[in-house]
$ cat model13.cif   # mmCIF, C-alpha atoms and all ligand atoms
data_final
loop_
_atom_site.label_atom_id
_atom_site.label_comp_id
_atom_site.auth_asym_id
_atom_site.auth_seq_id
_atom_site.Cartn_x
_atom_site.Cartn_y
_atom_site.Cartn_z
CA MET A 1 -16.03 10.04 1.77
CA PRO A 2 -13.33 10.87 -0.79
CA THR A 3 -12.96 8.39 -3.63
CA PRO A 4 -10.25 7.93 -6.28
CA SER A 5 -12.52 9.57 -8.85
CA SER A 6 -13.34 12.64 -6.73
CA ASN A 7 -11.91 14.97 -9.31
CA PRO A 8 -14.33 17.73 -10.22
CA PRO A 9 -12.97 20.12 -12.87
CA GLY A 10 -10.42 22.52 -11.44
CA GLN A 11 -10.21 20.71 -8.12
CA GLN A 12 -7.54 18.50 -6.65
CA ASN A 13 -8.00 14.77 -6.84
CA PHE A 14 -7.38 12.50 -3.89
CA TYR A 15 -3.71 11.97 -4.70
CA GLU A 16 -3.02 15.69 -4.90
CA ALA A 17 -5.20 16.52 -1.91
CA ILE A 18 -3.00 14.52 0.47
CA GLY A 19 0.29 15.83 -0.85
CA GLY A 20 0.98 13.65 -3.87
CA GLU A 21 4.18 11.67 -4.33
CA GLU A 22 5.75 12.81 -1.07
CA THR A 23 2.93 11.54 1.12
CA PHE A 24 2.71 8.19 -0.66
CA ALA A 25 6.50 7.85 -0.34
CA ARG A 26 6.23 8.48 3.41
CA ILE A 27 3.42 5.94 3.79
CA VAL A 28 5.36 3.14 2.12
CA ARG A 29 8.70 4.09 3.70
CA GLY A 30 7.20 3.90 7.20
CA PHE A 31 5.61 0.58 6.32
CA TYR A 32 8.71 -1.06 4.84
CA GLN A 33 10.91 0.14 7.72
CA GLN A 34 8.89 -2.24 9.87
CA VAL A 35 8.46 -5.04 7.33
CA ARG A 36 12.23 -5.50 6.97
CA ASP A 37 12.51 -6.66 10.58
CA ASP A 38 9.18 -8.41 10.87
CA ASP A 39 9.40 -12.06 11.90
CA LEU A 40 6.17 -13.13 10.14
CA ILE A 41 6.00 -11.38 6.80
CA GLY A 42 9.52 -9.91 6.53
CA PRO A 43 10.94 -13.22 5.23
CA LEU A 44 8.41 -13.25 2.35
CA TYR A 45 9.95 -10.12 0.79
CA PRO A 46 12.96 -10.16 -1.56
CA ASP A 47 15.97 -9.40 0.63
CA GLN A 48 17.94 -7.88 -2.22
CA ASP A 49 15.26 -5.52 -3.48
CA TRP A 50 13.71 -3.56 -0.63
CA GLU A 51 13.91 -0.35 -2.58
CA GLY A 52 12.19 -1.92 -5.56
CA ALA A 53 9.44 -3.33 -3.37
CA GLU A 54 8.91 0.10 -1.82
CA GLN A 55 8.64 1.71 -5.25
CA ARG A 56 6.15 -0.86 -6.53
CA LEU A 57 3.77 -0.40 -3.60
CA LYS A 58 4.08 3.38 -3.87
CA TRP A 59 3.35 3.33 -7.60
CA PHE A 60 0.35 1.10 -7.07
CA LEU A 61 -1.23 3.20 -4.33
CA ALA A 62 -0.49 6.49 -6.09
CA GLN A 63 -2.02 5.20 -9.32
CA TYR A 64 -5.12 3.87 -7.57
CA TRP A 65 -5.74 7.23 -5.91
CA GLY A 66 -5.45 9.27 -9.07
CA GLY A 67 -1.69 9.88 -9.37
CA PRO A 68 0.60 9.03 -12.27
CA GLN A 69 0.02 5.68 -14.01
CA THR A 70 3.59 4.57 -13.25
CA PHE A 71 2.59 1.19 -11.87
CA SER A 72 0.89 0.17 -15.11
CA ALA A 73 3.71 1.58 -17.21
CA GLN A 74 6.36 -0.34 -15.28
CA ARG A 75 4.51 -3.46 -14.18
CA GLY A 76 1.45 -3.85 -16.41
CA HIS A 77 -2.04 -4.67 -15.14
CA PRO A 78 -2.07 -4.78 -11.29
CA ARG A 79 -3.57 -8.31 -10.98
CA LEU A 80 -2.67 -8.20 -7.30
CA ARG A 81 -4.15 -11.55 -6.38
CA MET A 82 -2.12 -13.25 -9.08
CA ARG A 83 1.03 -11.40 -7.99
CA HIS A 84 0.62 -12.66 -4.43
CA VAL A 85 -0.08 -16.36 -5.11
CA THR A 86 3.58 -17.25 -4.60
CA TYR A 87 3.38 -16.01 -0.99
CA SER A 88 1.50 -17.96 1.63
CA ILE A 89 -0.96 -15.41 3.02
CA GLY A 90 -3.38 -16.37 5.78
CA THR A 91 -5.29 -14.14 8.21
CA PRO A 92 -2.21 -13.65 10.46
CA GLU A 93 -0.11 -12.34 7.54
CA ALA A 94 -2.90 -10.03 6.36
CA GLU A 95 -3.40 -8.72 9.90
CA ARG A 96 0.33 -8.11 10.32
CA TRP A 97 0.49 -6.23 7.02
CA LEU A 98 -2.38 -4.00 8.12
CA GLU A 99 -0.95 -3.49 11.61
CA MET A 100 2.32 -2.16 10.20
CA MET A 101 0.52 -0.02 7.67
CA LYS A 102 -1.57 1.46 10.47
CA VAL A 103 1.59 2.42 12.38
CA SER A 104 2.89 4.13 9.25
CA LEU A 105 -0.36 6.02 8.64
CA ASP A 106 -0.30 7.13 12.29
CA GLN A 107 3.00 8.87 11.57
CA ILE A 108 1.43 11.17 8.99
CA GLU A 109 0.05 14.31 10.58
CA GLU A 110 -3.65 15.11 10.24
CA GLU A 111 -3.06 18.32 8.28
CA THR A 112 -1.52 16.20 5.53
CA LEU A 113 -3.81 13.20 5.85
CA PRO A 114 -7.21 14.33 7.16
CA PRO A 115 -9.33 11.63 8.84
CA ALA A 116 -11.75 11.15 5.91
CA TYR A 117 -8.86 10.56 3.52
CA ARG A 118 -7.12 8.28 5.94
CA ALA A 119 -10.34 6.29 6.38
CA ALA A 120 -10.68 5.89 2.61
CA LEU A 121 -7.07 4.71 2.26
CA TRP A 122 -7.55 2.32 5.12
CA GLU A 123 -10.80 0.88 3.81
CA HIS A 124 -9.14 0.12 0.46
CA MET A 125 -6.14 -1.50 2.16
CA GLU A 126 -8.34 -3.68 4.35
CA ARG A 127 -10.36 -4.74 1.33
CA VAL A 128 -7.27 -5.63 -0.72
CA ALA A 129 -5.59 -7.44 2.18
CA ALA A 130 -8.68 -9.62 2.65
CA MET A 131 -8.77 -10.36 -1.07
CA LEU A 132 -5.12 -11.50 -1.03
CA ILE A 133 -5.63 -14.24 1.55
CA ASN A 134 -4.81 -17.45 -0.26
CA ARG A 135 -4.41 -19.89 2.62
CA PRO A 136 -7.30 -21.23 4.73
CA VAL A 137 -5.86 -20.59 8.20
C1 LIG B 201 -2.15 -9.37 3.02
C2 LIG B 201 -0.86 -9.31 3.32
C3 LIG B 201 0.18 -9.04 2.27
C4 LIG B 201 1.37 -9.70 2.13
C5 LIG B 201 1.90 -10.80 3.03
C6 LIG B 201 2.04 -9.14 0.97
C7 LIG B 201 3.28 -9.54 0.52
C8 LIG B 201 3.89 -9.07 -0.61
C9 LIG B 201 5.18 -9.48 -1.08
C10 LIG B 201 6.08 -10.50 -0.40
C11 LIG B 201 5.43 -8.79 -2.23
C12 LIG B 201 6.69 -8.85 -3.10
C13 LIG B 201 7.49 -7.58 -2.92
C14 LIG B 201 7.98 -7.01 -4.21
O1 LIG B 201 9.02 -7.48 -4.69
O2 LIG B 201 7.35 -6.11 -4.76
C15 LIG B 201 4.29 -7.94 -2.48
C16 LIG B 201 4.17 -7.10 -3.55
C17 LIG B 201 3.15 -6.22 -3.72
N1 LIG B 201 2.09 -6.02 -2.88
FE1 LIG B 201 1.66 -7.11 -1.28
N2 LIG B 201 1.26 -8.15 0.43
C18 LIG B 201 0.12 -8.05 1.20
C19 LIG B 201 -0.89 -7.13 1.03
C20 LIG B 201 -0.91 -6.14 0.08
C21 LIG B 201 -1.91 -5.09 -0.01
C22 LIG B 201 -3.05 -4.91 0.99
C23 LIG B 201 -1.60 -4.35 -1.10
C24 LIG B 201 -2.28 -3.13 -1.67
C25 LIG B 201 -3.07 -2.33 -0.96
C26 LIG B 201 -0.42 -4.93 -1.70
C27 LIG B 201 0.20 -4.46 -2.83
C28 LIG B 201 1.33 -4.99 -3.39
C29 LIG B 201 1.93 -4.51 -4.62
C30 LIG B 201 1.42 -3.39 -5.51
C31 LIG B 201 3.06 -5.28 -4.84
C32 LIG B 201 4.02 -5.20 -6.02
C33 LIG B 201 3.52 -6.14 -7.13
C34 LIG B 201 4.43 -6.16 -8.34
O3 LIG B 201 4.65 -5.12 -8.96
O4 LIG B 201 4.90 -7.24 -8.68
N3 LIG B 201 -0.02 -6.01 -0.96
N4 LIG B 201 3.37 -8.13 -1.49
#
$ encode --input "model13.cif" --output "structure tokens" --more "lines below"
Ligand code: HEM
Amino acid sequence: MPTPSSNPPGQQNFYEAIGGEETFARIVRGFYQQVRDDDLIGPLYPDQDWEGAEQRLKWFLAQYWGGPQTFSAQRGHPRLRMRHVTYSIGTPEAERWLEMMKVSLDQIEEETLPPAYRAALWEHMERVAAMLINRPV
């Protein structure tokens, strides 16, 4: 299974292997296209800053998977749990987030995002989503 640190000398890391910036941009664009109109989690997002939100998620994912450290440069330490405490996130919100992300990942062709890479991305997203739940029900 590919990991963020799979970066033997002279070989592509995870970020590069799936097409770098362009692929991460597609993943978050496809996700946010749905979030904007979503009845459950759409209202949690800042209505005036969709582009900014898209950038922040892209920077975070790209950085995690071995791309440029733009998230840290622009936003500081990720501290994702802390950054989500102002939003009420229960299991339904986490499931909705993942559902929409799955739709977006489905739109990326296998030649760009081979199954093992997709599985690794997905496993990380599921893990983070579960960690961000801050409401009992
Ligand atoms: C569990 C359901 C989730 C909900 C309801 C949720 C909701 C939100 C909202 C409302 C924002 C503010 C948008 C902005 O202005 O940037 C945000 C930001 C963010 N979310 Fe989530 N999120 C969820 C899961 C995740 C997951 C799974 C990840 C990572 C894999 C993630 C990564 C981020 C990042 C990086 C930011 C930007 C933080 C910053 O720079 O301030 N979120 N999220």
$ residues_near_ligand --input "model13.cif" --ligand "ligand LIG 201 (chain B)" --cutoff "8 Å" --atoms "only C-alpha atoms and all ligand atoms" --output "VMD selection string"
chain A and resid 41 to 46 49 to 50 52 to 61 71 75 78 80 83 to 84 87 to 91 93 to 98 124 to 133
$ atom_distance --input "model13.cif" --atom1 "CA of Glu51 (chain A)" --atom2 "CA of Asp37 (chain A)"
14.7 Å
$ residues_around --input "model13.cif" --residues "region 27-36 of chain A" --least-positions-apart "6" --cutoff "6 Å" --atoms "all atoms listed in the file" --output "PyMOL selection string"
chain A and resi 42+100-101+104
$ closest_residue --input "model13.cif" --among "A:Trp122, A:Thr70, A:Phe24, A:Pro136" --to "Glu99 (chain A)" --atoms "only C-alpha atoms"
A:Trp122
$ closest_atom_pairs --input "model13.cif" --of "region 12-68 of chain A" --to "region 109-112 of chain A" --cutoff "9 Å" --atoms "all atoms listed in the file" --output "JSON lines"
{"residue": "A:Ala17", "atom": "CA", "partner": "A:Thr112", "partner_atom": "CA", "distance": 8.3}
{"residue": "A:Ile18", "atom": "CA", "partner": "A:Thr112", "partner_atom": "CA", "distance": 5.5}
{"residue": "A:Gly19", "atom": "CA", "partner": "A:Thr112", "partner_atom": "CA", "distance": 6.6}
{"residue": "A:Thr23", "atom": "CA", "partner": "A:Thr112", "partner_atom": "CA", "distance": 7.8}
$ closest_residue --input "model13.cif" --among "A:Gly76, A:Pro92, A:Gly67, A:Ala119" --to "Asp39 (chain A)" --atoms "all atoms listed in the file"
A:Pro92
$ atom_distance --input "model13.cif" --atom1 "CA of Asp38 (chain A)" --atom2 "CA of Trp65 (chain A)"
27.4 Å
$ atom_distance --input "model13.cif" --atom1 "CA of Glu21 (chain A)" --atom2 "CA of Ala62 (chain A)"
7.2 Å
$ closest_residue --input "model13.cif" --among "A:Leu113, A:Gln48, A:Asn134, A:His77" --to "Gln63 (chain A)" --atoms "all atoms listed in the file"
A:His77
$ build_atoms --input "model13.cif" --residues "region 76-87 of chain A" --atoms "all heavy atoms" --output "JSON list (two decimals), keeping the file's coordinate frame"
[["chain", "number", "residue", "atom", "x", "y", "z"],
["A", 76, "GLY", "N", 2.61, -3.30, -15.70],
["A", 76, "GLY", "CA", 1.45, -3.85, -16.41],
["A", 76, "GLY", "C", 0.20, -3.84, -15.52],
["A", 76, "GLY", "O", 0.15, -3.13, -14.52],
["A", 77, "HIS", "N", -0.79, -4.62, -15.90],
["A", 77, "HIS", "CA", -2.04, -4.67, -15.14],
["A", 77, "HIS", "C", -1.76, -5.11, -13.70],
["A", 77, "HIS", "O", -0.99, -6.04, -13.48],
["A", 77, "HIS", "CB", -3.00, -5.65, -15.83],
["A", 77, "HIS", "CG", -4.39, -5.58, -15.28],
["A", 77, "HIS", "ND1", -4.73, -6.19, -14.09],
["A", 77, "HIS", "CD2", -5.50, -4.98, -15.74],
["A", 77, "HIS", "CE1", -6.01, -5.95, -13.84],
["A", 77, "HIS", "NE2", -6.50, -5.21, -14.83],
["A", 78, "PRO", "N", -2.39, -4.44, -12.70],
["A", 78, "PRO", "CA", -2.07, -4.78, -11.29],
["A", 78, "PRO", "C", -2.24, -6.27, -10.92],
["A", 78, "PRO", "O", -1.34, -6.84, -10.32],
["A", 78, "PRO", "CB", -3.02, -3.90, -10.49],
["A", 78, "PRO", "CG", -3.28, -2.72, -11.38],
["A", 78, "PRO", "CD", -3.24, -3.25, -12.79],
["A", 79, "ARG", "N", -3.35, -6.89, -11.30],
["A", 79, "ARG", "CA", -3.57, -8.31, -10.98],
["A", 79, "ARG", "C", -2.95, -8.71, -9.64],
["A", 79, "ARG", "O", -2.14, -9.63, -9.57],
["A", 79, "ARG", "CB", -2.99, -9.20, -12.10],
["A", 79, "ARG", "CG", -3.75, -9.07, -13.41],
["A", 79, "ARG", "CD", -3.09, -9.88, -14.49],
["A", 79, "ARG", "NE", -1.71, -9.40, -14.68],
["A", 79, "ARG", "CZ", -0.83, -9.93, -15.51],
["A", 79, "ARG", "NH1", -1.15, -10.98, -16.22],
["A", 79, "ARG", "NH2", 0.38, -9.41, -15.62],
["A", 80, "LEU", "N", -3.34, -8.02, -8.59],
["A", 80, "LEU", "CA", -2.67, -8.20, -7.30],
["A", 80, "LEU", "C", -2.81, -9.61, -6.74],
["A", 80, "LEU", "O", -1.88, -10.15, -6.15],
["A", 80, "LEU", "CB", -3.18, -7.19, -6.28],
["A", 80, "LEU", "CG", -2.61, -5.77, -6.41],
["A", 80, "LEU", "CD1", -2.92, -4.99, -5.14],
["A", 80, "LEU", "CD2", -1.11, -5.78, -6.65],
["A", 81, "ARG", "N", -3.98, -10.21, -6.95],
["A", 81, "ARG", "CA", -4.15, -11.55, -6.38],
["A", 81, "ARG", "C", -3.16, -12.51, -7.04],
["A", 81, "ARG", "O", -2.50, -13.30, -6.37],
["A", 81, "ARG", "CB", -5.61, -12.02, -6.56],
["A", 81, "ARG", "CG", -5.90, -13.17, -5.62],
["A", 81, "ARG", "CD", -7.36, -13.51, -5.52],
["A", 81, "ARG", "NE", -7.48, -14.93, -5.21],
["A", 81, "ARG", "CZ", -7.41, -15.43, -3.99],
["A", 81, "ARG", "NH1", -7.25, -14.65, -2.95],
["A", 81, "ARG", "NH2", -7.51, -16.72, -3.78],
["A", 82, "MET", "N", -3.06, -12.41, -8.34],
["A", 82, "MET", "CA", -2.12, -13.25, -9.08],
["A", 82, "MET", "C", -0.67, -13.00, -8.62],
["A", 82, "MET", "O", 0.10, -13.92, -8.43],
["A", 82, "MET", "CB", -2.30, -12.94, -10.57],
["A", 82, "MET", "CG", -1.66, -13.90, -11.53],
["A", 82, "MET", "SD", 0.05, -13.50, -11.93],
["A", 82, "MET", "CE", -0.04, -12.00, -12.84],
["A", 83, "ARG", "N", -0.34, -11.74, -8.38],
["A", 83, "ARG", "CA", 1.03, -11.40, -7.99],
["A", 83, "ARG", "C", 1.37, -11.86, -6.57],
["A", 83, "ARG", "O", 2.52, -11.82, -6.18],
["A", 83, "ARG", "CB", 1.26, -9.89, -8.08],
["A", 83, "ARG", "CG", 1.29, -9.36, -9.49],
["A", 83, "ARG", "CD", 1.54, -7.87, -9.47],
["A", 83, "ARG", "NE", 1.23, -7.23, -10.73],
["A", 83, "ARG", "CZ", 2.10, -7.07, -11.73],
["A", 83, "ARG", "NH1", 3.33, -7.50, -11.59],
["A", 83, "ARG", "NH2", 1.73, -6.48, -12.84],
["A", 84, "HIS", "N", 0.36, -12.22, -5.81],
["A", 84, "HIS", "CA", 0.62, -12.66, -4.43],
["A", 84, "HIS", "C", 0.49, -14.17, -4.26],
["A", 84, "HIS", "O", 0.70, -14.67, -3.15],
["A", 84, "HIS", "CB", -0.31, -11.95, -3.45],
["A", 84, "HIS", "CG", 0.06, -10.50, -3.22],
["A", 84, "HIS", "ND1", -0.22, -9.51, -4.12],
["A", 84, "HIS", "CD2", 0.71, -9.89, -2.19],
["A", 84, "HIS", "CE1", 0.22, -8.35, -3.66],
["A", 84, "HIS", "NE2", 0.79, -8.55, -2.49],
["A", 85, "VAL", "N", 0.15, -14.91, -5.30],
["A", 85, "VAL", "CA", -0.08, -16.36, -5.11],
["A", 85, "VAL", "C", 1.18, -17.11, -4.68],
["A", 85, "VAL", "O", 1.09, -18.15, -4.04],
["A", 85, "VAL", "CB", -0.69, -17.10, -6.34],
["A", 85, "VAL", "CG1", -2.13, -16.72, -6.56],
["A", 85, "VAL", "CG2", 0.14, -16.90, -7.59],
["A", 86, "THR", "N", 2.34, -16.56, -4.99],
["A", 86, "THR", "CA", 3.58, -17.25, -4.60],
["A", 86, "THR", "C", 3.89, -17.08, -3.11],
["A", 86, "THR", "O", 4.81, -17.71, -2.61],
["A", 86, "THR", "CB", 4.78, -16.74, -5.42],
["A", 86, "THR", "OG1", 4.70, -15.32, -5.45],
["A", 86, "THR", "CG2", 4.76, -17.28, -6.84],
["A", 87, "TYR", "N", 3.15, -16.20, -2.43],
["A", 87, "TYR", "CA", 3.38, -16.01, -0.99],
["A", 87, "TYR", "C", 2.23, -16.64, -0.24],
["A", 87, "TYR", "O", 1.06, -16.50, -0.63],
["A", 87, "TYR", "CB", 3.46, -14.52, -0.65],
["A", 87, "TYR", "CG", 4.35, -13.76, -1.59],
["A", 87, "TYR", "CD1", 3.84, -12.78, -2.44],
["A", 87, "TYR", "CD2", 5.71, -14.07, -1.67],
["A", 87, "TYR", "CE1", 4.66, -12.10, -3.34],
["A", 87, "TYR", "CE2", 6.54, -13.41, -2.57],
["A", 87, "TYR", "CZ", 6.01, -12.43, -3.40],
["A", 87, "TYR", "OH", 6.81, -11.78, -4.29]]
